[in-house]
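Text of upload-v6.txt, listed as compact mmCIF, C-alpha atoms:
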```txt
# COMPACT_ATOMS: atom_id res chain seq x y z
CA MET Q 1 -18.50 -10.49 119.71
CA PRO Q 2 -18.33 -8.33 122.87
CA ALA Q 3 -21.60 -7.35 124.51
CA ALA Q 4 -22.87 -3.84 123.89
CA PRO Q 5 -22.13 -1.35 126.68
CA CYS Q 6 -25.00 -0.90 129.13
CA PHE Q 7 -25.92 2.41 130.77
CA LEU Q 8 -28.08 3.80 133.53
CA ALA Q 9 -29.55 7.21 132.57
CA ILE Q 10 -30.85 9.74 135.11
CA GLU Q 11 -32.80 12.87 134.14
CA THR Q 12 -34.18 15.15 136.89
CA SER Q 13 -33.66 18.64 135.46
CA THR Q 14 -37.40 19.40 135.14
CA ASP Q 15 -40.49 18.56 137.21
CA THR Q 16 -40.27 14.96 135.98
CA LEU Q 17 -38.03 12.17 137.22
CA SER Q 18 -36.99 9.98 134.29
CA LEU Q 19 -34.79 6.86 134.48
CA ALA Q 20 -33.73 4.38 131.81
CA LEU Q 21 -31.49 1.34 131.74
CA GLY Q 22 -30.21 -0.32 128.58
CA THR Q 23 -27.68 -0.25 125.76
CA GLY Q 24 -29.15 2.73 123.92
CA ARG Q 25 -29.19 0.73 120.69
CA ALA Q 26 -32.27 0.90 118.47
CA GLY Q 27 -34.61 -2.01 118.97
CA GLU Q 28 -33.03 -3.26 122.21
CA ALA Q 29 -34.90 -3.52 125.51
CA VAL Q 30 -35.13 -0.46 127.74
CA HIS Q 31 -36.15 -0.63 131.40
CA ARG Q 32 -37.59 2.73 132.37
CA PHE Q 33 -39.36 4.74 135.05
CA GLN Q 34 -41.09 8.11 134.94
CA GLY Q 35 -42.64 9.93 137.86
CA PRO Q 36 -42.85 13.26 139.68
CA GLY Q 37 -39.59 15.15 140.03
CA GLY Q 38 -38.73 18.04 142.31
CA ALA Q 39 -38.60 17.13 145.99
CA GLN Q 40 -40.01 13.66 145.31
CA ALA Q 41 -37.13 12.74 143.01
CA SER Q 42 -34.68 12.44 145.89
CA THR Q 43 -36.85 9.85 147.66
CA GLU Q 44 -37.89 7.85 144.57
CA LEU Q 45 -34.65 7.81 142.62
CA LEU Q 46 -32.61 5.15 144.40
CA PRO Q 47 -35.48 2.70 144.98
CA GLN Q 48 -36.41 2.96 141.30
CA VAL Q 49 -32.79 2.44 140.21
CA ARG Q 50 -32.72 -0.76 142.29
CA ARG Q 51 -36.00 -1.86 140.71
CA LEU Q 52 -34.73 -1.28 137.16
CA LEU Q 53 -31.54 -3.22 137.86
CA ALA Q 54 -33.58 -6.09 139.25
CA GLU Q 55 -35.87 -6.04 136.20
CA ALA Q 56 -32.85 -6.16 133.90
CA GLY Q 57 -31.11 -8.86 135.98
CA ARG Q 58 -28.02 -6.69 136.33
CA SER Q 59 -25.90 -5.25 139.11
CA LEU Q 60 -24.34 -1.80 139.06
CA ASP Q 61 -20.84 -3.13 138.49
CA GLU Q 62 -22.04 -4.79 135.28
CA LEU Q 63 -22.86 -1.39 133.78
CA ASP Q 64 -20.38 0.59 131.68
CA ALA Q 65 -21.35 4.13 132.74
CA ILE Q 66 -23.99 6.30 134.38
CA ALA Q 67 -25.37 9.09 132.17
CA PHE Q 68 -27.12 12.06 133.76
CA GLY Q 69 -28.63 15.32 132.60
CA ARG Q 70 -26.15 17.89 133.88
CA GLY Q 71 -28.18 21.01 133.11
CA PRO Q 72 -29.21 23.65 132.64
CA GLY Q 73 -32.43 23.11 134.55
CA SER Q 74 -33.85 23.01 138.04
CA PHE Q 75 -31.05 23.62 140.52
CA THR Q 76 -32.48 21.07 142.97
CA GLY Q 77 -32.96 18.50 140.23
CA LEU Q 78 -29.45 18.94 138.86
CA ARG Q 79 -27.89 18.57 142.29
CA THR Q 80 -29.96 15.45 142.92
CA ALA Q 81 -28.92 13.77 139.66
CA CYS Q 82 -25.28 14.71 140.13
CA ALA Q 83 -25.13 13.52 143.75
CA VAL Q 84 -26.80 10.20 142.96
CA ALA Q 85 -24.61 9.60 139.89
CA GLN Q 86 -21.48 10.35 141.92
CA GLY Q 87 -22.58 8.20 144.85
CA LEU Q 88 -23.47 5.22 142.68
CA ALA Q 89 -20.24 5.59 140.69
CA TYR Q 90 -18.04 5.76 143.79
CA GLY Q 91 -19.92 2.87 145.37
CA THR Q 92 -19.17 0.59 142.42
CA ARG Q 93 -15.40 0.45 142.87
CA GLY Q 94 -14.19 -3.09 142.37
CA PRO Q 95 -12.17 -5.35 140.06
CA ARG Q 96 -14.04 -4.23 136.93
CA HIS Q 97 -14.15 -0.54 137.87
CA PRO Q 98 -11.20 0.18 140.22
CA GLN Q 99 -11.94 3.93 140.17
CA GLY Q 100 -15.71 3.50 140.20
CA LEU Q 101 -18.15 3.56 137.31
CA PRO Q 102 -17.44 6.16 134.61
CA VAL Q 103 -20.00 8.99 134.44
CA LEU Q 104 -21.39 10.73 131.34
CA PRO Q 105 -22.59 14.29 132.11
CA ILE Q 106 -24.87 15.22 129.17
CA ASP Q 107 -26.35 18.65 128.44
CA THR Q 108 -30.05 18.75 129.28
CA LEU Q 109 -30.82 20.74 126.13
CA LEU Q 110 -29.05 18.14 123.98
CA ALA Q 111 -31.29 15.47 125.53
CA LEU Q 112 -34.33 17.66 124.88
CA ALA Q 113 -33.31 18.09 121.23
CA GLU Q 114 -32.72 14.34 120.87
CA GLN Q 115 -36.16 13.54 122.30
CA ALA Q 116 -37.76 16.05 119.93
CA ARG Q 117 -35.84 14.53 116.99
CA ALA Q 118 -37.01 11.03 117.84
CA ASP Q 119 -40.64 12.07 118.38
CA ASP Q 120 -40.64 14.07 115.16
CA ALA Q 121 -39.22 11.14 113.19
CA ALA Q 122 -41.75 8.73 114.69
CA GLU Q 123 -44.57 10.93 113.39
CA GLY Q 124 -43.08 11.05 109.90
CA HIS Q 125 -42.30 14.77 109.75
CA THR Q 126 -39.82 16.20 107.28
CA VAL Q 127 -36.41 16.11 108.93
CA PRO Q 128 -35.47 19.64 110.09
CA ALA Q 129 -32.02 21.06 109.46
CA HIS Q 130 -31.83 22.57 112.94
CA ILE Q 131 -33.39 22.02 116.34
CA VAL Q 132 -33.51 24.85 118.88
CA ALA Q 133 -34.11 23.45 122.37
CA LEU Q 134 -36.07 25.74 124.70
CA LEU Q 135 -36.56 25.05 128.39
CA ASP Q 136 -38.53 27.32 130.72
CA ALA Q 137 -35.96 28.81 133.11
CA ARG Q 138 -38.64 30.64 135.13
CA MET Q 139 -38.07 34.28 136.11
CA ASP Q 140 -39.23 35.26 132.55
CA GLU Q 141 -36.26 33.58 130.89
CA LEU Q 142 -35.50 30.60 128.67
CA TYR Q 143 -32.60 28.21 128.55
CA LEU Q 144 -31.78 27.61 124.91
CA ALA Q 145 -29.25 25.89 122.68
CA ALA Q 146 -29.17 25.18 118.94
CA TYR Q 147 -28.18 21.99 117.13
CA ALA Q 148 -27.71 20.96 113.51
CA LEU Q 149 -29.21 17.61 112.53
CA ASP Q 150 -26.91 15.37 110.49
CA GLY Q 151 -28.93 12.22 109.83
CA GLU Q 152 -29.84 11.11 113.34
CA SER Q 153 -26.88 12.90 114.97
CA LEU Q 154 -27.04 16.29 116.63
CA ARG Q 155 -24.15 18.74 116.35
CA ALA Q 156 -23.98 21.77 118.65
CA LEU Q 157 -24.31 25.15 116.91
CA ALA Q 158 -24.81 27.41 119.93
CA PRO Q 159 -24.08 26.39 123.54
CA PRO Q 160 -26.65 26.63 126.35
CA ARG Q 161 -27.51 30.18 127.38
CA LEU Q 162 -30.26 32.31 128.88
CA CYS Q 163 -32.59 34.36 126.69
CA ALA Q 164 -35.62 36.54 127.34
CA PRO Q 165 -38.60 35.05 125.46
CA ALA Q 166 -39.18 38.33 123.60
CA ASP Q 167 -35.58 38.23 122.34
CA LEU Q 168 -35.80 34.77 120.80
CA ALA Q 169 -36.95 35.90 117.36
CA GLY Q 170 -34.02 38.31 117.07
CA TRP Q 171 -31.58 35.68 118.31
CA LEU Q 172 -32.79 33.19 115.71
CA HIS Q 173 -32.28 35.77 112.95
CA ASP Q 174 -28.79 36.61 114.24
CA GLN Q 175 -27.85 32.91 114.25
CA GLY Q 176 -29.19 32.27 110.75
CA LEU Q 177 -31.93 30.01 112.13
CA ALA Q 178 -34.95 32.04 111.08
CA ASP Q 179 -36.00 29.79 108.18
CA GLY Q 180 -39.22 28.46 109.64
CA THR Q 181 -39.31 25.55 107.20
CA ARG Q 182 -35.93 24.21 108.33
CA THR Q 183 -35.88 24.99 112.06
CA LEU Q 184 -37.75 23.06 114.74
CA LEU Q 185 -38.36 24.84 118.03
CA ALA Q 186 -38.74 22.21 120.76
CA GLY Q 187 -39.36 22.50 124.46
CA ASN Q 188 -41.80 23.37 127.22
CA ALA Q 189 -41.90 27.18 126.93
CA PHE Q 190 -44.62 27.77 124.35
CA ALA Q 191 -47.64 27.95 126.66
CA ALA Q 192 -45.93 29.95 129.40
CA TYR Q 193 -44.59 32.60 127.00
CA ALA Q 194 -47.13 32.45 124.18
CA ASP Q 195 -47.30 36.21 123.60
CA ALA Q 196 -43.55 36.82 123.80
CA LEU Q 197 -42.78 33.92 121.44
CA ARG Q 198 -45.46 34.78 118.87
CA ASP Q 199 -42.97 36.14 116.31
CA ALA Q 200 -40.32 33.44 116.72
CA PRO Q 201 -40.07 31.60 113.37
CA GLY Q 202 -40.04 27.80 113.18
CA ARG Q 203 -42.25 24.78 113.56
CA ARG Q 204 -42.97 23.97 117.20
CA ARG Q 205 -42.99 20.76 119.22
CA ALA Q 206 -43.62 20.26 122.91
CA ALA Q 207 -40.75 18.21 124.36
CA LEU Q 208 -38.81 17.53 127.54
CA PRO Q 209 -35.41 15.98 128.17
CA THR Q 210 -35.80 12.28 129.00
CA ALA Q 211 -33.65 9.45 130.27
CA ASP Q 212 -34.45 7.57 127.05
CA ALA Q 213 -32.83 10.40 125.10
CA LEU Q 214 -29.77 10.28 127.37
CA LEU Q 215 -29.60 6.53 126.80
CA ARG Q 216 -29.62 6.97 123.01
CA LEU Q 217 -26.89 9.61 123.22
CA ALA Q 218 -24.70 7.63 125.62
CA PRO Q 219 -23.04 5.09 123.26
CA ALA Q 220 -21.63 7.69 120.86
CA LEU Q 221 -20.50 9.96 123.71
CA MET Q 222 -18.84 7.03 125.45
CA ALA Q 223 -17.06 6.09 122.21
CA ARG Q 224 -15.82 9.68 121.86
CA GLY Q 225 -14.26 9.59 125.32
CA ALA Q 226 -16.78 11.88 127.05
CA ALA Q 227 -16.94 9.75 130.20
CA VAL Q 228 -15.32 11.20 133.32
CA GLY Q 229 -14.61 10.08 136.86
CA ALA Q 230 -17.22 10.68 139.52
CA ALA Q 231 -15.38 13.69 140.95
CA GLU Q 232 -15.66 15.47 137.58
CA ALA Q 233 -19.38 14.82 137.19
CA LEU Q 234 -20.62 18.35 137.90
CA PRO Q 235 -23.83 20.23 137.11
CA LEU Q 236 -23.94 22.89 134.39
CA TYR Q 237 -25.37 26.11 135.82
CA VAL Q 238 -26.13 28.70 133.14
CA ARG Q 239 -27.77 30.97 135.68
CA ASP Q 240 -25.73 31.80 138.78
CA LYS Q 241 -28.61 33.33 140.77
CA VAL Q 242 -31.89 31.68 141.60
CA ALA Q 243 -33.56 34.70 143.20
CA ARG Q 244 -33.36 38.46 143.19
CA THR Q 245 -33.17 40.58 146.30
CA THR Q 246 -36.05 42.90 147.17
CA ALA Q 247 -33.92 45.89 146.12
CA GLU Q 248 -33.13 44.27 142.75
CA ARG Q 249 -36.82 43.52 142.08
CA GLU Q 250 -37.82 47.08 142.94
CA ALA Q 251 -35.07 48.44 140.68
CA GLY Q 252 -36.17 46.13 137.87
CA THR Q 253 -32.70 44.53 137.56
```

Could you spell out this file's structure in structure tokens?
Amino acid sequence: MPAAPCFLAIETSTDTLSLALGTGRAGEAVHRFQGPGGAQASTELLPQVRRLLAEAGRSLDELDAIAFGRGPGSFTGLRTACAVAQGLAYGTRGPRHPQGLPVLPIDTLLALAEQARADDAAEGHTVPAHIVALLDARMDELYLAAYALDGESLRALAPPRLCAPADLAGWLHDQGLADGTRTLLAGNAFAAYADALRDAPGRRRAALPTADALLRLAPALMARGAAVGAAEALPLYVRDKVARTTAEREAGT
């Protein structure tokens, strides 16, 4: 019986650096690291990847793909994850991977929803029909995406987009996701936008995207042919601007 595919997962889209190495199969060993993200991620990432590989007794060319959180999220974090994934993939060209390691770019909000699903299940909660992933986008905005839960699998209902916190309740109603008993709102936006999110229906769970979640998602995505070459491993930017000009701020645009 062939060995299960093995993956390296990299998640740096928030203020946390998260790495995981393993097959993504339930019950199998995972080698992981979590630490500060942001500017520190670029200095810690490669040394920690080397440490995880050593712990697992593997080399890069023995892996089957590199999964990374492609966004939306911190622009610096996304560029870091993408650059490292590309560099490691290109650097692994050899007899087993003539074109370099395949790369799996995975939506950050899908990873957030998967982590929320797993945490919710571990605590014995009633399985929700939908998970709406919410990530603080700063500048008084949220990144959000909606997923239907089919068993343990997540199916996209609404792709990643920006939303003002005060508009979330209306958006949930428009999408048919306003049944608070069937919808789980998951993310890191509840404290920052408590007043604006007060009327948004749904049970709430604090959650972040993690490398463990990427690892669990990787086998099915690999089997569906979602892996790409390193050159195609690009960040997903939902917001094109990271700052407003002085004139824009004064005009309220």

Find the residues around segment 48-51 of chain Q up to 10 Å (all atoms listed in the file counted), leave out those fewer than 5 positions away in its own chain, and share them as a PyMOL selection string.
-> chain Q and resi 8-10+18-21+31-35+41+43+56-60

Same residues, C-alpha atoms, output as a PDB file, in the coordinates of the input:
```pdb
ATOM      1  CA  LEU Q   8     -28.080   3.800 133.530  1.00  0.00           C
ATOM      2  CA  ALA Q   9     -29.550   7.210 132.570  1.00  0.00           C
ATOM      3  CA  ILE Q  10     -30.850   9.740 135.110  1.00  0.00           C
ATOM      4  CA  SER Q  18     -36.990   9.980 134.290  1.00  0.00           C
ATOM      5  CA  LEU Q  19     -34.790   6.860 134.480  1.00  0.00           C
ATOM      6  CA  ALA Q  20     -33.730   4.380 131.810  1.00  0.00           C
ATOM      7  CA  LEU Q  21     -31.490   1.340 131.740  1.00  0.00           C
ATOM      8  CA  HIS Q  31     -36.150  -0.630 131.400  1.00  0.00           C
ATOM      9  CA  ARG Q  32     -37.590   2.730 132.370  1.00  0.00           C
ATOM     10  CA  PHE Q  33     -39.360   4.740 135.050  1.00  0.00           C
ATOM     11  CA  GLN Q  34     -41.090   8.110 134.940  1.00  0.00           C
ATOM     12  CA  GLY Q  35     -42.640   9.930 137.860  1.00  0.00           C
ATOM     13  CA  ALA Q  41     -37.130  12.740 143.010  1.00  0.00           C
ATOM     14  CA  THR Q  43     -36.850   9.850 147.660  1.00  0.00           C
ATOM     15  CA  ALA Q  56     -32.850  -6.160 133.900  1.00  0.00           C
ATOM     16  CA  GLY Q  57     -31.110  -8.860 135.980  1.00  0.00           C
ATOM     17  CA  ARG Q  58     -28.020  -6.690 136.330  1.00  0.00           C
ATOM     18  CA  SER Q  59     -25.900  -5.250 139.110  1.00  0.00           C
ATOM     19  CA  LEU Q  60     -24.340  -1.800 139.060  1.00  0.00           C
TER      20      LEU Q  60
END
```

Enclosing box along x, y and z for every listed atom of segment 71-83 of chain Q, padded 6 Å each side, centre and size in Å, one decimal, as lines of an AutoDock Vina configuration file:
```
center_x = -29.5
center_y = 18.6
center_z = 138.2
size_x = 20.7
size_y = 22.1
size_z = 23.1
```

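Using all atoms listed in the file, the residues found no farther than 7 Å from Leu185 of chain Q, other than those of its own chain fewer than 6 positions away, are Ile131, Val132, Ala133, Gly202, Arg203, Arg204 and Arg205 of chain Q.
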
Expressed in Å to a single decimal, how great is the separation between atom CA of Gln115 of chain Q and atom CA of Pro160 of chain Q?
-> 16.7 Å

Excluding Gly22 of chain Q and residues on its chain fewer than 5 positions from it, collect all residues at most 8 Å away from it, counting all atoms listed in the file, and give them as a count of residues only.
-> 8

Identify which of the residues Q:Ala196, Q:Leu110, Q:Leu78, Q:Leu149 lies closest to Ala213 of chain Q, counting all atoms listed in the file when measuring atom-to-atom distances.
-> Q:Leu110

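With distances taken over all atoms listed in the file, Q:Ala200 is the one residue among Q:Ala83, Q:Leu53, Q:Ala200, Q:Ala129 lying closest to Ala169 of chain Q.
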
Within-9 Å shell of (-39.0, 16.4, 143.0) in input frame, all atoms listed in the file, as a PyMOL selection string | chain Q and resi 12+14-17+36-44+76-77

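Distance-wise, atom CA of Ala54 of chain Q and atom CA of Pro102 of chain Q end up 20.8 Å apart.
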
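One finds atom CA of Thr108 of chain Q at 21.0 Å from atom CA of Ala26 of chain Q.
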
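With distances taken over all atoms listed in the file, Q:Leu184 is the one residue among Q:Leu184, Q:Ala230, Q:Leu221, Q:Ala166 lying closest to Asp120 of chain Q.
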
Test item: which residues lie within 9 Å of (-24.3, -1.2, 123.4) counting only C-alpha atoms, as a PyMOL selection string = chain Q and resi 3-7+22-25+219
